[in-house]
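Chemist: My structure file structure.tsv, TSV, C-alpha atoms, is below:
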chain	number	residue	atom	x	y	z
S	1	MET	CA	118.87	71.30	127.10
S	2	ASP	CA	115.10	71.79	126.99
S	3	LEU	CA	114.47	75.05	125.12
S	4	ASP	CA	110.85	75.78	124.36
S	5	VAL	CA	111.10	78.21	121.45
S	6	LEU	CA	107.34	78.79	121.64
S	7	SER	CA	107.77	80.33	125.09
S	8	THR	CA	110.47	82.82	124.11
S	9	PRO	CA	109.77	86.55	124.26
S	10	GLY	CA	110.18	86.90	120.50
S	11	HIS	CA	107.53	84.28	119.74
S	12	LEU	CA	105.13	85.55	122.41
S	13	ILE	CA	105.51	89.15	121.24
S	14	ALA	CA	104.82	88.05	117.66
S	15	LEU	CA	101.67	86.20	118.78
S	16	ALA	CA	100.51	89.23	120.75
S	17	ALA	CA	101.21	91.53	117.80
S	18	ARG	CA	99.16	89.35	115.45
S	19	GLY	CA	96.32	89.22	117.97
S	20	PHE	CA	96.34	92.99	118.42
S	21	ALA	CA	96.42	93.47	114.66
S	22	ARG	CA	93.41	91.18	114.09
S	23	LEU	CA	91.41	92.86	116.86
S	24	SER	CA	92.30	96.36	115.72
S	25	GLU	CA	91.69	95.61	112.04
S	26	ALA	CA	88.19	94.28	112.77
S	27	ARG	CA	87.34	97.35	114.84
S	28	LEU	CA	88.88	99.92	112.49
S	29	LYS	CA	87.37	98.53	109.29
S	30	PRO	CA	83.89	100.00	109.90
S	31	LEU	CA	85.56	103.42	110.25
S	32	GLY	CA	87.30	103.04	106.89
S	33	PHE	CA	90.77	102.59	108.38
S	34	GLY	CA	93.24	99.73	108.54
S	35	VAL	CA	95.93	98.93	111.08
S	36	GLY	CA	98.61	99.85	108.56
S	37	HIS	CA	97.16	103.34	108.32
S	38	LEU	CA	97.74	104.08	112.00
S	39	PRO	CA	101.27	105.53	111.86
S	40	VAL	CA	100.27	107.76	108.93
S	41	LEU	CA	97.06	108.89	110.61
S	42	VAL	CA	98.83	109.66	113.87
S	43	ALA	CA	101.74	111.46	112.22
S	44	LEU	CA	99.49	113.56	110.00
S	45	GLY	CA	96.89	114.10	112.72
S	46	ASP	CA	99.32	115.73	115.12
S	47	GLY	CA	101.65	117.37	112.63
S	48	ARG	CA	104.67	115.11	113.13
S	49	ALA	CA	105.07	114.50	109.41
S	50	GLY	CA	103.99	116.01	106.14
S	51	THR	CA	105.94	114.30	103.36
S	52	GLN	CA	106.25	110.71	102.23
S	53	ARG	CA	109.84	110.64	103.47
S	54	ASP	CA	108.78	111.94	106.90
S	55	LEU	CA	106.00	109.38	107.09
S	56	ALA	CA	108.26	106.48	106.09
S	57	ARG	CA	110.76	107.49	108.75
S	58	PHE	CA	108.05	107.93	111.40
S	59	ALA	CA	106.40	104.59	110.57
S	60	ARG	CA	109.76	102.82	110.28
S	61	ILE	CA	109.04	101.39	106.85
S	62	GLU	CA	110.78	101.70	103.52
S	63	GLN	CA	109.74	104.24	100.89
S	64	PRO	CA	108.17	101.80	98.35
S	65	PRO	CA	105.64	100.27	100.80
S	66	MET	CA	104.86	103.77	102.11
S	67	ALA	CA	104.24	104.99	98.57
S	68	GLN	CA	101.85	102.09	97.98
S	69	MET	CA	99.99	102.73	101.23
S	70	LEU	CA	99.68	106.44	100.49
S	71	ALA	CA	98.33	105.68	97.01
S	72	ARG	CA	95.64	103.44	98.57
S	73	MET	CA	94.84	106.02	101.24
S	74	GLU	CA	94.52	108.72	98.58
S	75	ARG	CA	92.26	106.44	96.50
S	76	ASP	CA	90.12	105.81	99.60
S	77	GLY	CA	89.76	109.52	100.33
S	78	LEU	CA	91.84	109.54	103.51
S	79	ILE	CA	94.65	111.85	102.39
S	80	VAL	CA	95.31	114.57	99.84
S	81	ARG	CA	98.62	115.58	98.30
S	82	THR	CA	99.53	119.11	97.35
S	83	PRO	CA	102.78	120.38	95.82
S	84	ASP	CA	105.37	121.34	98.43
S	85	PRO	CA	106.06	125.05	97.95
S	86	ALA	CA	109.59	124.62	99.33
S	87	ASP	CA	110.48	121.60	97.16
S	88	GLY	CA	108.76	121.12	93.81
S	89	ARG	CA	109.86	117.48	93.70
S	90	SER	CA	107.82	116.44	96.71
S	91	SER	CA	104.27	116.75	97.96
S	92	ARG	CA	102.76	117.77	101.26
S	93	ILE	CA	100.33	115.18	102.57
S	94	THR	CA	97.36	116.02	104.76
S	95	LEU	CA	94.35	114.16	106.10
S	96	THR	CA	91.03	114.78	104.41
S	97	ALA	CA	88.23	116.28	106.45
S	98	ALA	CA	86.50	112.88	106.44
S	99	ALA	CA	89.58	111.14	107.85
S	100	GLN	CA	90.06	113.88	110.48
S	101	ALA	CA	86.44	113.51	111.53
S	102	ARG	CA	86.75	109.72	111.99
S	103	LEU	CA	90.18	109.75	113.63
S	104	PRO	CA	88.94	110.38	117.20
S	105	ALA	CA	86.59	107.38	116.94
S	106	ALA	CA	89.47	105.23	115.68
S	107	VAL	CA	91.68	106.30	118.58
S	108	ALA	CA	88.86	105.55	121.03
S	109	VAL	CA	88.34	102.08	119.52
S	110	LEU	CA	92.05	101.30	119.80
S	111	LEU	CA	92.33	102.53	123.37
S	112	ALA	CA	89.25	100.51	124.35
S	113	GLY	CA	90.78	97.40	122.76
S	114	ASN	CA	94.03	97.94	124.64
S	115	GLY	CA	92.05	98.29	127.84
S	116	GLU	CA	90.24	95.02	127.18
S	117	VAL	CA	93.47	93.20	126.38
S	118	LEU	CA	95.08	94.47	129.58
S	119	ALA	CA	92.10	93.47	131.75
S	120	GLY	CA	93.40	92.22	135.09
S	121	PHE	CA	96.65	94.16	134.82
S	122	THR	CA	97.31	96.85	137.39
S	123	ASP	CA	98.25	100.30	136.12
S	124	ALA	CA	101.81	99.63	137.28
S	125	GLU	CA	101.93	96.33	135.36
S	126	ALA	CA	100.61	97.98	132.20
S	127	GLU	CA	103.21	100.77	132.52
S	128	LEU	CA	105.96	98.20	133.11
S	129	LEU	CA	104.88	96.25	130.02
S	130	VAL	CA	105.05	99.41	127.90
S	131	THR	CA	108.48	100.25	129.35
S	132	LEU	CA	109.82	96.76	128.69
S	133	LEU	CA	108.44	96.61	125.14
S	134	THR	CA	109.89	100.05	124.41
S	135	ARG	CA	113.29	98.75	125.52
S	136	VAL	CA	112.92	95.63	123.37
S	137	ILE	CA	112.12	97.81	120.35
S	138	ALA	CA	115.11	100.06	121.06
S	139	ASN	CA	117.37	97.00	121.26
S	140	LEU	CA	115.96	95.68	117.97
S	141	ASP	CA	116.56	99.08	116.34
S	142	ARG	CA	120.12	99.16	117.69
S	143	ILE	CA	120.85	95.64	116.43
S	144	ALA	CA	119.31	96.34	113.03
S	145	GLY	CA	121.33	99.57	112.78
S	146	ALA	CA	124.57	97.79	113.69
S	147	GLU	CA	123.91	94.96	111.24
S	148	GLY	CA	122.91	97.43	108.53
S	149	ALA	CA	126.15	99.31	109.06
S	150	THR	CA	128.23	96.15	108.64
S	151	THR	CA	126.40	94.82	105.57
S	152	THR	CA	126.44	98.03	103.51
Could you express the structure from this file as structure tokens?
Modeler:
Amino acid sequence: MDLDVLSTPGHLIALAARGFARLSEARLKPLGFGVGHLPVLVALGDGRAGTQRDLARFARIEQPPMAQMLARMERDGLIVRTPDPADGRSSRITLTAAAQARLPAAVAVLLAGNGEVLAGFTDAEAELLVTLLTRVIANLDRIAGAEGATTT
């Protein structure tokens, strides 16, 4: 059986993800953002999250790495924390005015990069790719959830 593991979807998706990350990181750095900041910026920018727990859930990462990222973002002047009036044990997190002002440029840079990467794709092909990747992610989430349920 001739199985080329380097041509499997998992390997190709990983290569594409690393390529996207490198491209995005290089383009976001002049704006003072990093690729890891994106889920936090998006969630805070459109009101989808306001606490560390919300952000960790939205970004699909564990609490300790989220806490570290938020500490760096606070240090870099991207977010501010204020006591949560409803729960004294937690904080509300918001973007600083500087981060809000730069966020549209960051979104534009990322969308332009996606456009460049999808050069030669029809709109239908690009939509199909998004649909297929969304399904792959849902399957991965389902598998991880099932395995997490059996190992805990």
Chemist: For stretch 55-79 of chain S against stretch 12-32 of chain S, with a cut-off of 10 Å and counting only C-alpha atoms, what is the closest atom pair and its distance in Å to one decimal for every residue that makes the cut, ordered by chain and number, as CSV?
Modeler:
residue,atom,partner,partner_atom,distance
S:Met73,CA,S:Gly32,CA,9.9
S:Asp76,CA,S:Gly32,CA,8.3
S:Gly77,CA,S:Gly32,CA,9.5
S:Leu78,CA,S:Gly32,CA,8.6
Chemist: Please build the interface table for stretch 81-106 of chain S against stretch 39-53 of chain S with a cut-off of 7 Å, listing for each qualifying residue the nearest atom pair and the distance in Å to one decimal; count only C-alpha atoms, order rows by chain and increasing number, and write it as a Markdown table.
Modeler:
| residue | atom | partner | partner_atom | distance |
| --- | --- | --- | --- | --- |
| S:Ser91 | CA | S:Thr51 | CA | 6.2 |
| S:Arg92 | CA | S:Thr51 | CA | 5.2 |
| S:Ile93 | CA | S:Gly50 | CA | 5.2 |
| S:Thr94 | CA | S:Leu44 | CA | 6.2 |
| S:Leu95 | CA | S:Leu44 | CA | 6.5 |
Chemist: Using all atoms of stretch 62-78 of chain S listed in the file and a margin of 4 Å per side, can you give the axis-aligned box centre and edge lengths in Å to one decimal, as AutoDock Vina command-line options?
Modeler:
--center_x 100.3 --center_y 104.9 --center_z 100.0 --size_x 29.0 --size_y 17.3 --size_z 15.0
Chemist: In Å, with one decimal, what is the gap from atom CA of S:Leu70 to atom CA of S:Leu38?
Modeler: 11.9 Å
